[in-house]
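Heads up: the structure comes next, in structure tokens.
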Amino acid sequence: MDYTPGGFNNATEDGFVAQNSSPMVMGTRAQQLALYVIFQTPFQMVSDSPQSYAGQPAFQFIKDVPVAVDRRTCWNGSPGEFVTIARSHGDDGIWAA
């Protein structure tokens, strides 16, 4: 699967406009950031142009989230609704959900 999350030009379904210049993504910024945890890939990328991330505090999350994990478990979820995932990286044994 190839999926690139991280769009920071967020819009609601009512406010979404398909456009080539400054494209939008439907959903919230929190939803876009959560996709970096849900979809694991060995080479994580961002989907917007560099100026979209300049001065955005939430971009630090994308920099910090590990792309590889040692352990992962899915506690519950419903397709298209929600998911609860725990991941652990490194020797500290700390789980992040």
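Simple scheme: letters A, B, ... for chains in structure tokens order, numbers from 1 for residues in each chain, numbers from 1 for ligands in the order shown.
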Skipping near chain neighbours, those fewer than 4 positions away, what residues fall within 7 Å of Thr73 of chain A using only C-alpha atoms, listed as a PDB file with N, CA, C and O atoms, in the first residue's frame?
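This went into selection_11.pdb:
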ATOM      1  N   ILE A  85      -4.424   1.640  18.800  1.00  0.00           N
ATOM      2  CA  ILE A  85      -3.189   0.910  18.533  1.00  0.00           C
ATOM      3  C   ILE A  85      -2.143   1.317  19.566  1.00  0.00           C
ATOM      4  O   ILE A  85      -2.040   2.488  19.917  1.00  0.00           O
ATOM      5  N   ALA A  86      -1.375   0.353  20.027  1.00  0.00           N
ATOM      6  CA  ALA A  86      -0.243   0.639  20.903  1.00  0.00           C
ATOM      7  C   ALA A  86       1.022   0.195  20.180  1.00  0.00           C
ATOM      8  O   ALA A  86       1.043  -0.852  19.537  1.00  0.00           O
ATOM      9  N   ARG A  87       2.082   1.026  20.278  1.00  0.00           N
ATOM     10  CA  ARG A  87       3.355   0.717  19.635  1.00  0.00           C
ATOM     11  C   ARG A  87       4.479   0.923  20.634  1.00  0.00           C
ATOM     12  O   ARG A  87       4.410   1.784  21.492  1.00  0.00           O
TER      13      ARG A  87
END
Show which residues sit within 10 Å of Arg29 of chain A, as a list in words. Count only C-alpha atoms, and ignore same-chain residues fewer than 2 positions away.
-> Gly6, Gly7, Phe8, Asn9, Asn10, Ala11, Val25, Met26, Gly27, Gln31, Gln32, Leu33, Ala34 and Ala58 of chain A
Store the residues picked out above in a file with all heavy atoms, as a short mmCIF file (atom, residue, chain, number, x, y, z; two decimals), in the first residue's frame.
data_model
loop_
_atom_site.label_atom_id
_atom_site.label_comp_id
_atom_site.auth_asym_id
_atom_site.auth_seq_id
_atom_site.Cartn_x
_atom_site.Cartn_y
_atom_site.Cartn_z
N GLY A 6 -0.47 13.50 6.14
CA GLY A 6 0.21 14.71 6.59
C GLY A 6 -0.22 16.00 5.94
O GLY A 6 0.47 17.00 6.04
N GLY A 7 -1.36 16.01 5.27
CA GLY A 7 -1.84 17.26 4.68
C GLY A 7 -2.22 18.26 5.76
O GLY A 7 -2.99 17.95 6.66
N PHE A 8 -1.66 19.47 5.68
CA PHE A 8 -1.93 20.48 6.70
C PHE A 8 -2.94 21.53 6.23
O PHE A 8 -3.31 22.41 6.99
CB PHE A 8 -0.64 21.17 7.11
CG PHE A 8 0.09 20.45 8.24
CD1 PHE A 8 -0.12 19.11 8.49
CD2 PHE A 8 0.97 21.13 9.04
CE1 PHE A 8 0.55 18.45 9.52
CE2 PHE A 8 1.64 20.50 10.08
CZ PHE A 8 1.42 19.15 10.32
N ASN A 9 -3.39 21.48 4.99
CA ASN A 9 -4.43 22.39 4.52
C ASN A 9 -5.74 21.64 4.66
O ASN A 9 -6.31 21.12 3.71
CB ASN A 9 -4.18 22.82 3.07
CG ASN A 9 -5.11 23.91 2.62
OD1 ASN A 9 -5.85 24.49 3.41
ND2 ASN A 9 -5.09 24.21 1.34
N ASN A 10 -6.24 21.58 5.91
CA ASN A 10 -7.39 20.75 6.25
C ASN A 10 -8.70 21.48 5.99
O ASN A 10 -8.77 22.69 6.14
CB ASN A 10 -7.32 20.35 7.72
CG ASN A 10 -5.99 19.75 8.06
OD1 ASN A 10 -5.16 20.41 8.66
ND2 ASN A 10 -5.75 18.52 7.67
N ALA A 11 -9.72 20.71 5.62
CA ALA A 11 -11.05 21.28 5.36
C ALA A 11 -12.12 20.28 5.76
O ALA A 11 -11.90 19.07 5.71
CB ALA A 11 -11.19 21.64 3.88
N VAL A 25 -7.01 18.65 2.08
CA VAL A 25 -7.35 17.30 2.49
C VAL A 25 -8.57 17.38 3.40
O VAL A 25 -8.70 18.31 4.19
CB VAL A 25 -6.18 16.57 3.20
CG1 VAL A 25 -5.04 16.34 2.25
CG2 VAL A 25 -5.72 17.33 4.42
N MET A 26 -9.48 16.42 3.24
CA MET A 26 -10.66 16.39 4.10
C MET A 26 -10.29 15.76 5.43
O MET A 26 -9.65 14.71 5.47
CB MET A 26 -11.78 15.58 3.45
CG MET A 26 -12.78 16.46 2.76
SD MET A 26 -14.25 15.54 2.30
CE MET A 26 -13.79 15.05 0.66
N GLY A 27 -10.68 16.40 6.50
CA GLY A 27 -10.41 15.88 7.83
C GLY A 27 -9.67 16.90 8.68
O GLY A 27 -9.41 18.02 8.25
N GLN A 31 -6.33 14.06 12.76
CA GLN A 31 -6.56 12.85 11.98
C GLN A 31 -5.36 12.58 11.05
O GLN A 31 -4.89 11.45 10.95
CB GLN A 31 -7.83 12.99 11.15
CG GLN A 31 -8.13 11.79 10.29
CD GLN A 31 -9.31 12.05 9.36
OE1 GLN A 31 -9.55 13.19 8.96
NE2 GLN A 31 -10.02 11.01 9.02
N GLN A 32 -4.85 13.61 10.39
CA GLN A 32 -3.69 13.45 9.51
C GLN A 32 -2.47 12.98 10.28
O GLN A 32 -1.71 12.14 9.82
CB GLN A 32 -3.40 14.75 8.77
CG GLN A 32 -4.42 15.10 7.71
CD GLN A 32 -4.39 14.10 6.56
OE1 GLN A 32 -3.35 13.83 5.99
NE2 GLN A 32 -5.54 13.54 6.24
N LEU A 33 -2.24 13.53 11.48
CA LEU A 33 -1.09 13.13 12.28
C LEU A 33 -1.25 11.69 12.78
O LEU A 33 -0.27 10.94 12.84
CB LEU A 33 -0.90 14.09 13.46
CG LEU A 33 -0.51 15.52 13.07
CD1 LEU A 33 -0.51 16.41 14.30
CD2 LEU A 33 0.84 15.55 12.37
N ALA A 34 -2.46 11.29 13.12
CA ALA A 34 -2.70 9.93 13.61
C ALA A 34 -2.37 8.89 12.54
O ALA A 34 -1.96 7.77 12.86
CB ALA A 34 -4.15 9.77 14.06
N ALA A 58 2.70 21.44 14.98
CA ALA A 58 2.31 20.04 14.82
C ALA A 58 3.30 19.27 13.95
O ALA A 58 3.36 18.04 14.00
CB ALA A 58 0.91 19.95 14.22
#
Please indicate the distance in Å from atom CA of Ile62 of chain A to atom CA of Gly80 of chain A, rounded to one decimal place.
->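 Going from atom CA of Ile62 of chain A over to atom CA of Gly80 of chain A, I get 22.5 Å.
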Residue nearest Tyr36 of chain A - candidates A:Arg71, A:Gly90, A:Pro66, A:Val83, atoms counted: only C-alpha atoms = A:Pro66
Pick out each residue of segment 37-90 of chain A that DSSP on the backbone tags as strand (DSSP E); I need them as a PyMOL selection string.
-> chain A and resi 71-78+82-88
Restricting it to N, CA, C and O atoms, dump the selection as a PDB file, in the first residue's frame.
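Resulting contents of again22.pdb:
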ATOM      1  N   ARG A  71       7.253  -3.502  18.694  1.00  0.00           N
ATOM      2  CA  ARG A  71       6.024  -4.223  19.018  1.00  0.00           C
ATOM      3  C   ARG A  71       4.837  -3.348  18.669  1.00  0.00           C
ATOM      4  O   ARG A  71       4.885  -2.132  18.797  1.00  0.00           O
ATOM      5  N   ARG A  72       3.746  -3.994  18.256  1.00  0.00           N
ATOM      6  CA  ARG A  72       2.541  -3.259  17.883  1.00  0.00           C
ATOM      7  C   ARG A  72       1.348  -4.159  18.181  1.00  0.00           C
ATOM      8  O   ARG A  72       1.384  -5.355  17.909  1.00  0.00           O
ATOM      9  N   THR A  73       0.300  -3.581  18.731  1.00  0.00           N
ATOM     10  CA  THR A  73      -0.923  -4.347  18.972  1.00  0.00           C
ATOM     11  C   THR A  73      -2.132  -3.445  18.724  1.00  0.00           C
ATOM     12  O   THR A  73      -2.089  -2.255  18.988  1.00  0.00           O
ATOM     13  N   CYS A  74      -3.167  -4.030  18.191  1.00  0.00           N
ATOM     14  CA  CYS A  74      -4.424  -3.312  17.963  1.00  0.00           C
ATOM     15  C   CYS A  74      -5.420  -3.784  19.013  1.00  0.00           C
ATOM     16  O   CYS A  74      -5.730  -4.971  19.089  1.00  0.00           O
ATOM     17  N   TRP A  75      -5.890  -2.875  19.847  1.00  0.00           N
ATOM     18  CA  TRP A  75      -6.803  -3.232  20.929  1.00  0.00           C
ATOM     19  C   TRP A  75      -8.244  -3.349  20.451  1.00  0.00           C
ATOM     20  O   TRP A  75      -8.962  -4.238  20.836  1.00  0.00           O
ATOM     21  N   ASN A  76      -8.672  -2.391  19.650  1.00  0.00           N
ATOM     22  CA  ASN A  76     -10.040  -2.452  19.135  1.00  0.00           C
ATOM     23  C   ASN A  76     -10.174  -1.458  17.982  1.00  0.00           C
ATOM     24  O   ASN A  76      -9.248  -0.721  17.679  1.00  0.00           O
ATOM     25  N   GLY A  77     -11.320  -1.456  17.357  1.00  0.00           N
ATOM     26  CA  GLY A  77     -11.560  -0.518  16.267  1.00  0.00           C
ATOM     27  C   GLY A  77     -12.765  -0.918  15.458  1.00  0.00           C
ATOM     28  O   GLY A  77     -13.321  -2.005  15.617  1.00  0.00           O
ATOM     29  N   SER A  78     -13.148  -0.022  14.577  1.00  0.00           N
ATOM     30  CA  SER A  78     -14.245  -0.240  13.656  1.00  0.00           C
ATOM     31  C   SER A  78     -13.857   0.440  12.344  1.00  0.00           C
ATOM     32  O   SER A  78     -13.562   1.640  12.350  1.00  0.00           O
ATOM     33  N   PHE A  82     -12.830   4.238  14.037  1.00  0.00           N
ATOM     34  CA  PHE A  82     -11.760   4.487  15.000  1.00  0.00           C
ATOM     35  C   PHE A  82     -10.878   3.254  15.114  1.00  0.00           C
ATOM     36  O   PHE A  82     -11.255   2.158  14.683  1.00  0.00           O
ATOM     37  N   VAL A  83      -9.701   3.449  15.695  1.00  0.00           N
ATOM     38  CA  VAL A  83      -8.799   2.349  15.987  1.00  0.00           C
ATOM     39  C   VAL A  83      -7.985   2.726  17.217  1.00  0.00           C
ATOM     40  O   VAL A  83      -7.682   3.901  17.438  1.00  0.00           O
ATOM     41  N   THR A  84      -7.676   1.741  18.043  1.00  0.00           N
ATOM     42  CA  THR A  84      -6.795   1.946  19.190  1.00  0.00           C
ATOM     43  C   THR A  84      -5.587   1.034  18.994  1.00  0.00           C
ATOM     44  O   THR A  84      -5.734  -0.191  18.990  1.00  0.00           O
ATOM     45  N   ILE A  85      -4.424   1.640  18.800  1.00  0.00           N
ATOM     46  CA  ILE A  85      -3.189   0.910  18.533  1.00  0.00           C
ATOM     47  C   ILE A  85      -2.143   1.317  19.566  1.00  0.00           C
ATOM     48  O   ILE A  85      -2.040   2.488  19.917  1.00  0.00           O
ATOM     49  N   ALA A  86      -1.375   0.353  20.027  1.00  0.00           N
ATOM     50  CA  ALA A  86      -0.243   0.639  20.903  1.00  0.00           C
ATOM     51  C   ALA A  86       1.022   0.195  20.180  1.00  0.00           C
ATOM     52  O   ALA A  86       1.043  -0.852  19.537  1.00  0.00           O
ATOM     53  N   ARG A  87       2.082   1.026  20.278  1.00  0.00           N
ATOM     54  CA  ARG A  87       3.355   0.717  19.635  1.00  0.00           C
ATOM     55  C   ARG A  87       4.479   0.923  20.634  1.00  0.00           C
ATOM     56  O   ARG A  87       4.410   1.784  21.492  1.00  0.00           O
ATOM     57  N   SER A  88       5.518   0.135  20.501  1.00  0.00           N
ATOM     58  CA  SER A  88       6.688   0.271  21.349  1.00  0.00           C
ATOM     59  C   SER A  88       7.929   0.299  20.467  1.00  0.00           C
ATOM     60  O   SER A  88       8.032  -0.459  19.502  1.00  0.00           O
TER      61      SER A  88
END
Give the answer as one residue: which of A:Phe61, A:Ser21, A:Ala68, A:Pro79 has the shortest atom-to-atom distance to Ser49 of chain A, using only C-alpha atoms?
->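 Among the listed residues, A:Ser21 lies closest to Ser49 of chain A.
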Measure the distance from atom CA of Thr4 of chain A to atom CA of Gln44 of chain A in Å and round it to one decimal.
-> 7.6 Å
Which of chain A counts as alpha helix (DSSP H) under DSSP, as a PyMOL selection string please?
-> chain A and resi 29-38+59-64
Please produce a file of the residues just selected, as a compact mmCIF listing (two decimals), in the first residue's frame, where the atoms kept are all heavy atoms.
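Dumped to result26.txt:
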# COMPACT_ATOMS: atom_id res chain seq x y z
N ARG A 29 -6.43 18.11 11.35
CA ARG A 29 -4.98 17.96 11.48
C ARG A 29 -4.64 16.79 12.38
O ARG A 29 -3.73 16.02 12.10
CB ARG A 29 -4.40 19.26 12.07
CG ARG A 29 -2.94 19.19 12.36
CD ARG A 29 -2.00 20.00 11.54
NE ARG A 29 -2.49 20.95 10.62
CZ ARG A 29 -2.20 22.25 10.62
NH1 ARG A 29 -1.41 22.73 11.54
NH2 ARG A 29 -2.66 23.06 9.70
N ALA A 30 -5.39 16.59 13.46
CA ALA A 30 -5.16 15.46 14.36
C ALA A 30 -5.34 14.14 13.62
O ALA A 30 -4.57 13.20 13.81
CB ALA A 30 -6.10 15.53 15.56
N GLN A 31 -6.33 14.06 12.76
CA GLN A 31 -6.56 12.85 11.98
C GLN A 31 -5.36 12.58 11.05
O GLN A 31 -4.89 11.45 10.95
CB GLN A 31 -7.83 12.99 11.15
CG GLN A 31 -8.13 11.79 10.29
CD GLN A 31 -9.31 12.05 9.36
OE1 GLN A 31 -9.55 13.19 8.96
NE2 GLN A 31 -10.02 11.01 9.02
N GLN A 32 -4.85 13.61 10.39
CA GLN A 32 -3.69 13.45 9.51
C GLN A 32 -2.47 12.98 10.28
O GLN A 32 -1.71 12.14 9.82
CB GLN A 32 -3.40 14.75 8.77
CG GLN A 32 -4.42 15.10 7.71
CD GLN A 32 -4.39 14.10 6.56
OE1 GLN A 32 -3.35 13.83 5.99
NE2 GLN A 32 -5.54 13.54 6.24
N LEU A 33 -2.24 13.53 11.48
CA LEU A 33 -1.09 13.13 12.28
C LEU A 33 -1.25 11.69 12.78
O LEU A 33 -0.27 10.94 12.84
CB LEU A 33 -0.90 14.09 13.46
CG LEU A 33 -0.51 15.52 13.07
CD1 LEU A 33 -0.51 16.41 14.30
CD2 LEU A 33 0.84 15.55 12.37
N ALA A 34 -2.46 11.29 13.12
CA ALA A 34 -2.70 9.93 13.61
C ALA A 34 -2.37 8.89 12.54
O ALA A 34 -1.96 7.77 12.86
CB ALA A 34 -4.15 9.77 14.06
N LEU A 35 -2.49 9.24 11.28
CA LEU A 35 -2.20 8.30 10.21
C LEU A 35 -0.73 7.88 10.20
O LEU A 35 -0.40 6.79 9.73
CB LEU A 35 -2.60 8.89 8.86
CG LEU A 35 -4.11 9.11 8.69
CD1 LEU A 35 -4.39 9.81 7.36
CD2 LEU A 35 -4.87 7.81 8.79
N TYR A 36 0.16 8.72 10.73
CA TYR A 36 1.58 8.35 10.83
C TYR A 36 1.79 7.21 11.83
O TYR A 36 2.77 6.49 11.75
CB TYR A 36 2.43 9.55 11.22
CG TYR A 36 2.64 10.50 10.07
CD1 TYR A 36 1.81 11.60 9.90
CD2 TYR A 36 3.65 10.30 9.14
CE1 TYR A 36 1.98 12.46 8.84
CE2 TYR A 36 3.83 11.15 8.08
CZ TYR A 36 3.00 12.23 7.93
OH TYR A 36 3.16 13.09 6.88
N VAL A 37 0.89 7.08 12.78
CA VAL A 37 0.97 6.00 13.76
C VAL A 37 0.26 4.76 13.24
O VAL A 37 0.74 3.64 13.40
CB VAL A 37 0.35 6.44 15.11
CG1 VAL A 37 0.35 5.31 16.10
CG2 VAL A 37 1.09 7.65 15.65
N ILE A 38 -0.86 4.94 12.58
CA ILE A 38 -1.68 3.81 12.12
C ILE A 38 -1.03 3.07 10.96
O ILE A 38 -0.96 1.85 10.96
CB ILE A 38 -3.09 4.30 11.74
CG1 ILE A 38 -3.80 4.81 12.99
CG2 ILE A 38 -3.89 3.19 11.09
CD1 ILE A 38 -5.07 5.55 12.71
N PHE A 59 4.12 19.96 13.15
CA PHE A 59 5.09 19.29 12.30
C PHE A 59 6.14 18.55 13.14
O PHE A 59 6.71 17.56 12.68
CB PHE A 59 5.75 20.27 11.34
CG PHE A 59 6.63 19.61 10.32
CD1 PHE A 59 6.09 18.69 9.43
CD2 PHE A 59 7.96 19.89 10.25
CE1 PHE A 59 6.89 18.07 8.48
CE2 PHE A 59 8.78 19.28 9.31
CZ PHE A 59 8.23 18.37 8.42
N GLN A 60 6.37 19.00 14.37
CA GLN A 60 7.34 18.33 15.24
C GLN A 60 6.92 16.88 15.49
O GLN A 60 7.76 16.00 15.61
CB GLN A 60 7.49 19.09 16.56
CG GLN A 60 8.65 18.60 17.41
CD GLN A 60 10.00 18.79 16.72
OE1 GLN A 60 10.28 19.82 16.14
NE2 GLN A 60 10.83 17.76 16.77
N PHE A 61 5.62 16.63 15.57
CA PHE A 61 5.14 15.26 15.77
C PHE A 61 5.61 14.37 14.63
O PHE A 61 6.05 13.24 14.84
CB PHE A 61 3.62 15.23 15.88
CG PHE A 61 3.07 13.83 16.03
CD1 PHE A 61 3.05 13.22 17.27
CD2 PHE A 61 2.59 13.13 14.94
CE1 PHE A 61 2.55 11.93 17.42
CE2 PHE A 61 2.10 11.84 15.07
CZ PHE A 61 2.08 11.24 16.32
N ILE A 62 5.51 14.85 13.39
CA ILE A 62 5.93 14.07 12.23
C ILE A 62 7.43 13.80 12.30
O ILE A 62 7.88 12.70 11.96
CB ILE A 62 5.56 14.79 10.92
CG1 ILE A 62 4.04 14.92 10.81
CG2 ILE A 62 6.13 14.06 9.71
CD1 ILE A 62 3.57 15.77 9.65
N LYS A 63 8.20 14.75 12.77
CA LYS A 63 9.64 14.56 12.90
C LYS A 63 9.97 13.52 13.97
O LYS A 63 10.92 12.76 13.84
CB LYS A 63 10.33 15.87 13.28
CG LYS A 63 10.32 16.93 12.20
CD LYS A 63 11.02 18.15 12.75
CE LYS A 63 11.05 19.31 11.83
NZ LYS A 63 11.73 20.48 12.43
N ASP A 64 9.19 13.48 15.03
CA ASP A 64 9.51 12.66 16.20
C ASP A 64 8.95 11.24 16.17
O ASP A 64 9.52 10.36 16.81
CB ASP A 64 9.00 13.34 17.48
CG ASP A 64 9.76 14.62 17.79
OD1 ASP A 64 10.86 14.82 17.24
OD2 ASP A 64 9.23 15.42 18.58
